[in-house]
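Report on the following structure.
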There are 2 protein chains.
Amino acid sequence: MTSRRVTIADVARRAGVSTAAVSKVVRGAYGVSAEMQAKVTQAIDELGYRPHAAARALRGRTYTLGVMLSDTRNPFFPDIIEGVTGRLGDTEYQVLLGPGGIEPKTQARMTDAMIDRSMGGLILISPVMTDAELAAIATAIPVVVVGRHGGATTYDAVVNDDVMGAGLVVDHLVGLGHTRIAHITHLERAHAQGLPHTVRAEGYRQAMRAHGLADDVLATSFTEEGGFEGARELLARDDRPTAIFAGADIAALGVLRAADEAGLSVPEDLSVAGYDNIGIASLKRISLTSVDQDGHVIGATAAQLLVERIEGRSRSVTSSVSPTLIVRGTTGPPRP
Amino acid sequence: MTSRRVTIADVARRAGVSTAAVSKVVRGAYGVSAEMQAKVTQAIDELGYRPHAAARALRGRTYTLGVMLSDTRNPFFPDIIEGVTGRLGDTEYQVLLGPGGIEPKTQARMTDAMIDRSMGGLILISPVMTDAELAAIATAIPVVVVGRHGGATTYDAVVNDDVMGAGLVVDHLVGLGHTRIAHITHLERAHAQGLPHTVRAEGYRQAMRAHGLADDVLATSFTEEGGFEGARELLARDDRPTAIFAGADIAALGVLRAADEAGLSVPEDLSVAGYDNIGIASLKRISLTSVDQDGHVIGATAAQLLVERIEGRSRSVTSSVSPTLIVRGTTGPPRP
DNA sequence: GGTATCGTGTAGAACGTTCTCCATTGGTAG
DNA sequence: CTACCAATGGAGAACGTTCTACACGATACC
């Protein structure tokens with residue numbers, strides 16, 4: 001019923017040449033005359049031949065790259081993906097995404113599955129697994145890790161400079177005249193080090209210290225509710241902060257709600273800044289000051305590194321992408 | 001350097017049986033003794049064997065399903081994907097996502113690529129292509145289309161009941177006492193029929209007619225800016241509407257901004273409702289009345305249908321998922 | 001005691017590519 | 001004229017599975 005796929009043998013028959021010759025033409029390999037090239041290309045067009053990736057995978061390279069997504073809900077994934085596909089758009093490579101879920105176990109299952117499906121390389125976005133596991137994967141297949149700080153010797157890495165990003169926010173707030181600046185971070189996960197929120201918190205501490213100010217970190221969670229709870233606690237204090245820097249925009253939205261409920265106007269009574277510059281931060285009704293990670297650049301860089309690695313580079317590279325501060329309406333000078 | 005993969009032959013050697021026997025055990029096929037089963041399973045565990053999907057693809061079934069995403073930014077994709085993976089979590093199937101982009105050309109390229117990678121079936125989410133193209137794909141591979149209304153004879157379909165959803169909103173607003181209810185929709189795309197916004201607009205018209213009210217549809221675009229512009233135009237009229245139903249939440253956010261700027265308070269001076277129930281709609285600071293599509297159910301249903309189809313069903317099925325109205329703070333009785 | 005029947009295991013041919021040789025041709029140097 | 005070489009095309013063996021066909025022994029039936 002379902003008409004058989006057109007194979008390289010069909011093309012060869014049509015063009016009156018051997019399958020080996022067709023294969024050479026398809027791959028753009030050496031040793032093909034112009035005449036052969038023309039004959040075969042024509043036959044390919046006439047028959048609508050497309051190489052069968054699985055068959056290809058058995059012998060040579062499959063032009064498929066995998067991107068493992070740890071949390072599909074993460075608001076800047078679309079940017080990263082666009083960056084990846086954009087960089088790869090004019091090459092022969094195809095990108096497939098693997099929803100890995102939040103659990104280490106499901107992520108491991110997904111990476112295995114991608115390896116089994118003979119991807120040429122993997123981009124892992126914020127993977128939650130031990131360094132040993134990462135290293136093991138990297139011996140089986142070229143790997144680029146996105147969003148994890150820490151030593152990468154066997155794979156490449158692209159990180160957002162979270163220390164710098166946190167510094168930008170603190171500098172901005174201090175520049176406006178704030179001195180009591182609190183930071184809301186995410187509760188530490190046991191088995192994953194170098195995660196962005198840890199580094200952001202550390203960057204915040206460094207920057208505060210550099211300005212000679214006392215730091216004030218509160219760990220709740222990167223959710224709207226987490227931001228809300230954290231802010232409520234901070235605002236209930238006697239010497240409540242005049243500015244709150246949330247480690248993620250979603251938490252910053254919760255902070256804004258807490259300010260509303262406490263009857264504080266933003267930014268007059270309280271300045272609020274977030275991190276990630278998610279889409280709604282730019283909505284005029286929210287207008288949240290935030291740190292932009294430029295997912296496009298991150299994705300494009302990751303793709304670039306992965307292709308380089310597939311095509312032979314063996315030395316490890318870590319690329320750090322500089323974030324920028326987007327100042328909007330939720331930050332301003334403190335009320336005197 | 002990279003240690004060779006463990007193959008079925010390695011397992012066979014270790015267990016002292018033939019490769020055919022191992023294959024049977026792996027596939028859970030008929031004709032295996034308990035003893036054989038035990039021997040082989042042990043060898044598999046000891047060696048850490050995992051079947052090579054590409055080799056598998058060449059002969060039998062590959063347990064991979066593809067989901068083509070038309071627009072990665074679409075806010076309820078995560079729900080759909082969770083629904084799909086959730087339904088498939090305990091089966092042998094793996095899900096890979098293909099970012100198809102917005103353009104018909106890139107979507108076609110992606111579906112081709114997924115077919116070439118010998119997926120067992122495809123879920124196409126809001127594909128932008130002609131019915132003929134869809135039908136062509138469906139002859140090559142089992143297909144479930146999500147989010148496109150219209151006749152499906154050769155593939156399965158899961159649709160949100162957009163007529164009903166629009167009706168829910170209109171009924172709700174009329175119940176509150178509104179009579180001048182305007183609708184903001186998306187500008188018609190030429191080559192794709194049965195797209196959700198068209199059906200929503202039609203559902204709105206039907207519902208208004210059913211209540212004996214005059215309809216009032218304005219087409220801008222499903223963006224924050226589109227909602228803003230549309231609302232500004234509507235609110236400038238002499239007999240301005242007391243309620244605006246935007247066909248998408250993102251546009252509803254723009255409507256809210258326009259209300260702010262016009263000095264109208266919501267919901268006293270203007271009720272606003274959206275569609276999609278995106279994450280931020282539930283944030284207390286927004287609290288947007290919206291129609292929830294239950295992406296989980298949609299995704300799970302699509303996965304279910306696809307598996308059924310792969311495993312033999314030939315009759316076409318269209319499943320309609322009922323939306324629900326989530327009433328929040330942006331709708332209320334009109335000022336008398 | 002012959003012959004179906006059943007249950008279990010194996011041989012070996014696919015599947016559609018790639019890629020390493022090898023054969024052929026024509027040209028050129030000696 | 002011989003020897004060598006470069007350029008091109010082809011034969012055929014992989015790659016790791018699945019699956020059809022069959023072999024073998026044990027049991028059941030007449």
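Following the order of the structure tokens, first chain is A, next is B, and so on, with residues numbered from 1 inside each chain and ligands from 1 in the order they appear.
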
Reference chain A, mobile chain B, all Cα atoms fitted, written as a compact mmCIF listing (two decimals) with C-alpha atoms, in the first residue's frame:
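Output contents, as saved in result.txt:
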```txt
# COMPACT_ATOMS: atom_id res chain seq x y z
CA MET B 1 0.09 -0.17 -0.01
CA THR B 2 2.70 2.38 1.04
CA SER B 3 4.86 2.86 -2.05
CA ARG B 4 8.44 1.82 -1.50
CA ARG B 5 10.96 4.51 -0.77
CA VAL B 6 13.23 5.78 -3.52
CA THR B 7 16.69 4.41 -2.81
CA ILE B 8 20.13 5.12 -4.06
CA ALA B 9 19.85 2.01 -6.24
CA ASP B 10 16.84 3.46 -8.06
CA VAL B 11 18.79 6.59 -8.79
CA ALA B 12 21.78 4.58 -9.96
CA ARG B 13 19.62 2.55 -12.34
CA ARG B 14 17.96 5.65 -13.74
CA ALA B 15 21.27 7.39 -14.31
CA GLY B 16 22.95 4.27 -15.60
CA VAL B 17 25.76 4.35 -13.08
CA SER B 18 26.79 2.48 -9.95
CA THR B 19 25.38 3.10 -6.49
CA ALA B 20 28.84 4.04 -5.32
CA ALA B 21 28.90 6.86 -7.84
CA VAL B 22 25.54 8.16 -6.68
CA SER B 23 26.73 8.03 -3.10
CA LYS B 24 29.73 10.12 -4.03
CA VAL B 25 27.60 12.74 -5.72
CA VAL B 26 25.17 12.90 -2.83
CA ARG B 27 27.97 13.37 -0.33
CA GLY B 28 29.85 15.79 -2.54
CA ALA B 29 32.85 13.51 -2.28
CA TYR B 30 36.00 13.73 -4.35
CA GLY B 31 36.38 12.04 -7.71
CA VAL B 32 33.26 12.91 -9.66
CA SER B 33 33.26 14.33 -13.19
CA ALA B 34 31.00 17.19 -14.15
CA GLU B 35 29.09 14.91 -16.47
CA MET B 36 28.49 12.32 -13.78
CA GLN B 37 27.45 15.05 -11.40
CA ALA B 38 24.86 16.31 -13.88
CA LYS B 39 23.45 12.90 -14.76
CA VAL B 40 23.03 11.87 -11.16
CA THR B 41 21.63 15.18 -9.97
CA GLN B 42 19.02 15.02 -12.67
CA ALA B 43 18.04 11.48 -11.76
CA ILE B 44 17.78 12.51 -8.11
CA ASP B 45 15.48 15.37 -8.97
CA GLU B 46 13.34 13.28 -11.26
CA LEU B 47 12.82 10.57 -8.69
CA GLY B 48 12.69 12.85 -5.67
CA TYR B 49 15.35 10.88 -3.87
CA ARG B 50 16.22 11.73 -0.29
CA PRO B 51 18.90 9.86 1.64
CA HIS B 52 17.63 7.51 4.33
CA ALA B 53 19.18 8.70 7.57
CA ALA B 54 19.02 5.35 9.34
CA ALA B 55 20.92 3.58 6.60
CA ARG B 56 23.38 6.40 6.58
CA ALA B 57 23.81 6.20 10.32
CA LEU B 58 24.91 2.60 10.10
CA ARG B 59 28.00 3.49 8.15
CA GLY B 60 28.84 7.16 8.01
CA ARG B 61 27.71 10.38 9.58
CA THR B 62 24.12 11.21 10.23
CA TYR B 63 23.53 14.90 9.96
CA THR B 64 21.39 15.16 13.05
CA LEU B 65 22.13 17.12 16.17
CA GLY B 66 20.19 16.68 19.36
CA VAL B 67 19.27 19.31 21.89
CA MET B 68 18.24 18.03 25.27
CA LEU B 69 15.83 20.35 27.01
CA SER B 70 15.73 20.03 30.76
CA ASP B 71 12.60 22.04 31.35
CA THR B 72 10.36 22.83 28.43
CA ARG B 73 8.74 25.65 30.34
CA ASN B 74 11.92 27.60 30.69
CA PRO B 75 11.04 30.89 29.03
CA PHE B 76 14.24 31.44 27.11
CA PHE B 77 14.42 28.04 25.48
CA PRO B 78 12.75 29.35 22.36
CA ASP B 79 15.55 31.88 21.96
CA ILE B 80 18.25 29.30 22.40
CA ILE B 81 16.57 26.99 19.93
CA GLU B 82 16.18 29.79 17.42
CA GLY B 83 19.84 30.56 17.86
CA VAL B 84 20.76 26.95 17.21
CA THR B 85 18.54 26.48 14.18
CA GLY B 86 19.49 29.89 12.86
CA ARG B 87 23.16 29.06 12.94
CA LEU B 88 22.51 25.70 11.33
CA GLY B 89 19.89 26.85 8.86
CA ASP B 90 22.10 26.87 5.82
CA THR B 91 24.03 23.72 6.62
CA GLU B 92 23.10 20.12 6.08
CA TYR B 93 22.52 19.53 9.75
CA GLN B 94 19.07 18.98 11.20
CA VAL B 95 18.14 19.70 14.79
CA LEU B 96 15.87 17.57 16.92
CA LEU B 97 14.87 18.41 20.45
CA GLY B 98 14.55 15.90 23.24
CA PRO B 99 12.30 16.77 26.14
CA GLY B 100 14.36 15.44 29.02
CA GLY B 101 12.18 16.53 31.89
CA ILE B 102 13.40 17.80 35.24
CA GLU B 103 14.42 14.51 36.78
CA PRO B 104 18.00 13.26 36.42
CA LYS B 105 16.63 9.86 35.53
CA THR B 106 14.49 11.00 32.64
CA GLN B 107 17.27 13.24 31.38
CA ALA B 108 19.66 10.32 31.35
CA ARG B 109 17.11 8.24 29.54
CA MET B 110 16.68 10.93 26.93
CA THR B 111 20.38 11.39 26.30
CA ASP B 112 20.75 7.63 25.94
CA ALA B 113 17.88 7.60 23.50
CA MET B 114 19.49 10.35 21.46
CA ILE B 115 22.79 8.50 21.36
CA ASP B 116 20.98 5.33 20.30
CA ARG B 117 19.38 7.28 17.50
CA SER B 118 22.89 8.04 16.32
CA MET B 119 22.91 11.79 16.57
CA GLY B 120 26.13 13.40 15.49
CA GLY B 121 26.33 15.51 18.60
CA LEU B 122 24.39 16.74 21.58
CA ILE B 123 23.65 20.11 23.11
CA LEU B 124 22.58 19.68 26.72
CA ILE B 125 20.72 22.61 28.19
CA SER B 126 21.05 22.95 31.94
CA PRO B 127 21.47 19.21 32.45
CA VAL B 128 20.97 17.92 35.96
CA MET B 129 23.54 15.18 36.33
CA THR B 130 26.91 14.60 37.91
CA ASP B 131 30.12 15.63 36.21
CA ALA B 132 31.01 11.97 35.91
CA GLU B 133 27.83 11.23 34.02
CA LEU B 134 28.44 14.16 31.74
CA ALA B 135 31.96 12.99 31.07
CA ALA B 136 30.69 9.51 30.27
CA ILE B 137 28.27 10.88 27.71
CA ALA B 138 30.98 13.04 26.21
CA THR B 139 33.15 10.03 25.47
CA ALA B 140 30.38 8.49 23.42
CA ILE B 141 29.43 11.59 21.45
CA PRO B 142 30.46 15.22 20.99
CA VAL B 143 28.76 17.34 23.63
CA VAL B 144 28.20 21.01 24.30
CA VAL B 145 26.74 21.92 27.66
CA VAL B 146 24.76 25.11 28.03
CA GLY B 147 24.10 26.83 31.31
CA ARG B 148 26.36 25.00 33.70
CA HIS B 149 29.37 26.61 35.21
CA GLY B 150 32.36 24.58 36.16
CA GLY B 151 35.24 22.70 34.67
CA ALA B 152 34.66 21.16 31.31
CA THR B 153 37.61 19.17 30.11
CA THR B 154 36.01 16.62 27.86
CA TYR B 155 33.20 18.65 26.35
CA ASP B 156 32.55 22.25 25.33
CA ALA B 157 30.47 24.66 27.34
CA VAL B 158 28.56 27.85 26.79
CA VAL B 159 27.71 29.81 29.86
CA ASN B 160 26.05 33.03 30.58
CA ASP B 161 28.32 35.19 32.67
CA ASP B 162 26.04 35.15 35.67
CA VAL B 163 28.58 36.84 37.92
CA MET B 164 28.72 39.74 35.54
CA GLY B 165 24.94 39.80 35.16
CA ALA B 166 24.40 40.03 38.88
CA GLY B 167 27.08 42.69 39.03
CA LEU B 168 25.27 44.77 36.43
CA VAL B 169 22.12 44.79 38.53
CA VAL B 170 23.90 45.70 41.73
CA ASP B 171 25.92 48.43 40.04
CA HIS B 172 22.75 49.84 38.52
CA LEU B 173 20.92 49.89 41.85
CA VAL B 174 23.87 51.33 43.74
CA GLY B 175 24.19 53.96 41.04
CA LEU B 176 20.61 54.96 41.71
CA GLY B 177 21.45 55.41 45.37
CA HIS B 178 20.32 52.15 46.93
CA THR B 179 22.27 50.65 49.79
CA ARG B 180 19.90 48.06 51.22
CA ILE B 181 19.62 45.65 48.30
CA ALA B 182 18.33 42.14 48.95
CA HIS B 183 18.64 39.12 46.70
CA ILE B 184 16.17 36.26 46.33
CA THR B 185 17.65 32.99 45.14
CA HIS B 186 16.60 29.42 44.57
CA LEU B 187 16.96 26.68 47.15
CA GLU B 188 20.09 24.64 46.55
CA ARG B 189 19.68 21.35 44.73
CA ALA B 190 21.89 18.66 46.17
CA HIS B 191 23.60 16.93 43.28
CA ALA B 192 24.10 19.68 40.74
CA GLN B 193 26.81 22.21 41.16
CA GLY B 194 27.52 25.34 39.21
CA LEU B 195 23.88 25.97 38.49
CA PRO B 196 23.05 29.50 37.40
CA HIS B 197 21.25 30.60 40.54
CA THR B 198 24.22 29.72 42.73
CA VAL B 199 26.54 31.72 40.54
CA ARG B 200 24.14 34.65 40.40
CA ALA B 201 23.95 34.73 44.16
CA GLU B 202 27.71 34.62 44.35
CA GLY B 203 27.99 37.42 41.81
CA TYR B 204 25.57 39.47 43.87
CA ARG B 205 27.67 38.96 47.00
CA GLN B 206 30.87 39.90 45.20
CA ALA B 207 29.35 43.06 43.79
CA MET B 208 27.89 44.13 47.12
CA ARG B 209 31.24 43.58 48.78
CA ALA B 210 32.94 45.58 46.07
CA HIS B 211 30.65 48.49 46.95
CA GLY B 212 31.28 48.03 50.63
CA LEU B 213 27.68 47.02 51.27
CA ALA B 214 26.28 44.20 53.36
CA ASP B 215 24.67 41.42 51.40
CA ASP B 216 21.28 39.93 52.20
CA VAL B 217 20.38 36.71 50.46
CA LEU B 218 17.10 34.89 50.96
CA ALA B 219 16.53 31.47 49.41
CA THR B 220 13.01 30.53 48.40
CA SER B 221 12.30 29.28 44.91
CA PHE B 222 12.21 30.56 41.37
CA THR B 223 8.44 30.67 41.10
CA GLU B 224 5.92 33.47 41.31
CA GLU B 225 4.95 32.19 44.74
CA GLY B 226 8.58 31.93 45.81
CA GLY B 227 9.19 35.54 44.89
CA PHE B 228 6.04 36.60 46.67
CA GLU B 229 6.86 34.82 49.90
CA GLY B 230 10.43 36.01 49.86
CA ALA B 231 9.46 39.60 49.28
CA ARG B 232 6.83 39.47 51.99
CA GLU B 233 9.41 38.34 54.47
CA LEU B 234 11.91 40.97 53.39
CA LEU B 235 9.36 43.78 53.43
CA ALA B 236 8.19 42.91 56.92
CA ARG B 237 11.57 43.76 58.40
CA ASP B 238 12.30 46.95 60.29
CA ASP B 239 15.01 48.14 57.97
CA ARG B 240 13.38 46.76 54.88
CA PRO B 241 15.41 46.84 51.67
CA THR B 242 14.78 49.61 49.17
CA ALA B 243 15.54 47.27 46.31
CA ILE B 244 15.04 43.58 45.66
CA PHE B 245 16.99 41.72 43.02
CA ALA B 246 15.32 38.43 42.19
CA GLY B 247 17.46 35.79 40.51
CA ALA B 248 14.72 35.07 37.98
CA ASP B 249 12.02 37.16 36.36
CA ILE B 250 9.28 34.79 37.36
CA ALA B 251 10.20 35.37 40.99
CA ALA B 252 10.41 39.11 40.35
CA LEU B 253 6.77 39.02 39.29
CA GLY B 254 5.95 37.60 42.70
CA VAL B 255 7.94 40.40 44.29
CA LEU B 256 5.86 42.93 42.38
CA ARG B 257 2.69 41.34 43.69
CA ALA B 258 3.99 41.49 47.25
CA ALA B 259 4.77 45.17 46.76
CA ASP B 260 1.24 45.76 45.49
CA GLU B 261 -0.24 44.05 48.51
CA ALA B 262 1.98 45.95 50.91
CA GLY B 263 0.80 49.16 49.34
CA LEU B 264 4.27 50.06 48.17
CA SER B 265 4.61 51.75 44.82
CA VAL B 266 7.27 50.63 42.40
CA PRO B 267 9.84 52.01 41.89
CA GLU B 268 9.31 54.87 44.38
CA ASP B 269 9.08 52.75 47.51
CA LEU B 270 10.76 49.65 46.16
CA SER B 271 12.91 48.94 43.15
CA VAL B 272 12.65 45.48 41.63
CA ALA B 273 14.94 43.76 39.17
CA GLY B 274 14.88 40.27 37.71
CA TYR B 275 17.01 38.03 35.57
CA ASP B 276 16.34 36.34 32.21
CA ASN B 277 14.40 39.10 30.47
CA ILE B 278 11.48 36.84 29.69
CA GLY B 279 8.98 37.99 27.12
CA ILE B 280 6.45 39.53 29.43
CA ALA B 281 9.09 41.62 31.18
CA SER B 282 8.92 43.96 28.23
CA LEU B 283 5.14 44.31 28.33
CA LYS B 284 4.44 47.89 29.22
CA ARG B 285 2.15 46.81 32.00
CA ILE B 286 4.99 44.98 33.72
CA SER B 287 8.06 46.81 32.47
CA LEU B 288 10.51 44.86 34.58
CA THR B 289 14.17 45.78 34.75
CA SER B 290 16.02 42.59 33.97
CA VAL B 291 19.22 41.00 32.74
CA ASP B 292 19.08 39.72 29.20
CA GLN B 293 20.97 36.55 28.39
CA ASP B 294 20.70 36.76 24.64
CA GLY B 295 19.57 33.24 24.04
CA HIS B 296 20.17 33.69 20.34
CA VAL B 297 23.87 34.16 20.83
CA ILE B 298 24.03 31.34 23.34
CA GLY B 299 22.26 28.96 21.00
CA ALA B 300 24.27 30.00 17.98
CA THR B 301 27.53 29.65 19.87
CA ALA B 302 26.59 26.21 21.12
CA ALA B 303 25.74 25.08 17.59
CA GLN B 304 28.97 26.50 16.29
CA LEU B 305 31.06 24.75 18.92
CA LEU B 306 29.27 21.47 18.38
CA VAL B 307 29.85 21.50 14.64
CA GLU B 308 33.51 22.35 15.15
CA ARG B 309 33.85 19.50 17.57
CA ILE B 310 32.12 17.06 15.25
CA GLU B 311 34.40 18.11 12.45
CA GLY B 312 37.50 17.40 14.39
CA ARG B 313 38.47 19.85 17.10
CA SER B 314 39.56 18.01 20.22
CA ARG B 315 40.62 20.83 22.53
CA SER B 316 37.88 21.90 24.94
CA VAL B 317 36.38 25.35 24.70
CA THR B 318 34.28 27.27 27.18
CA SER B 319 32.51 30.27 25.81
CA SER B 320 31.11 32.90 28.09
CA VAL B 321 28.33 35.08 26.78
CA SER B 322 28.04 38.53 28.32
CA PRO B 323 24.60 39.51 29.51
CA THR B 324 23.22 43.01 29.25
CA LEU B 325 21.09 44.98 31.64
CA ILE B 326 17.73 46.11 30.35
CA VAL B 327 16.59 49.01 32.46
CA ARG B 328 12.84 49.45 32.56
CA GLY B 329 10.26 50.95 34.83
CA THR B 330 10.63 48.91 38.01
CA THR B 331 13.89 50.44 39.12
CA GLY B 332 14.52 54.04 40.16
CA PRO B 333 16.11 56.13 42.89
CA PRO B 334 15.02 55.32 46.43
CA ARG B 335 12.68 57.74 48.16
CA PRO B 336 15.00 60.02 50.15
```

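Contacts from chain D to chain B at a cut-off of 6 Å (only C-alpha atoms (C1' of nucleotides)) map to DG16, DT17 and DT18 of chain D.
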
Inset, instruction - Just list the residues in stretch 18-188 of chain A DSSP gives helix (DSSP H, G or I) on the backbone, as an MDAnalysis selection string. - result: chainID A and resid 19:27 34:47 53:59 77:88 104:116 131:140 162:176

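Our summary of the geometry notes that atom C1' of D:DA11 is positioned 25.9 Å from atom C1' of C:DG27.
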
Inset, instruction - Just the strand (DSSP E or B) stuff from stretch 38-248 of chain A, please, per backbone DSSP, written as a ChimeraX atom specification. - result: /A:64-69,94-99,121-125,143-146,156-160,181-186,217-220,243-246

Using only C-alpha atoms (C1' of nucleotides), find each residue of chain C with at least one atom at most 8 Å away from an atom of chain A; report its shortest atom-to-atom pair and that distance in Å (one decimal), sort the rows by chain and rising residue number, and return the result as CSV.
```
residue,atom,partner,partner_atom,distance
C:DC15,C1',A:Ala55,CA,7.8
C:DG16,C1',A:Ala55,CA,4.9
C:DT17,C1',A:Arg56,CA,4.7
C:DT18,C1',A:Arg59,CA,5.4
```

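Taking atom C1' of C:DA29 as the reference point, atom C1' of D:DA3 is found at 8.8 Å.
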
Inset, instruction - Enter the distance from atom C1' of C:DG2 to atom C1' of D:DA26, in Å, rounded to one decimal. - result: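 Answer for the atom C1' of C:DG2 to atom C1' of D:DA26 separation: 15.1 Å.
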
Legend entry - Contacts of stretch 23-25 of chain D at 12 Å (only C-alpha atoms (C1' of nucleotides); same-chain gap of 4+ positions) as number ranges by chain: C: 6-11
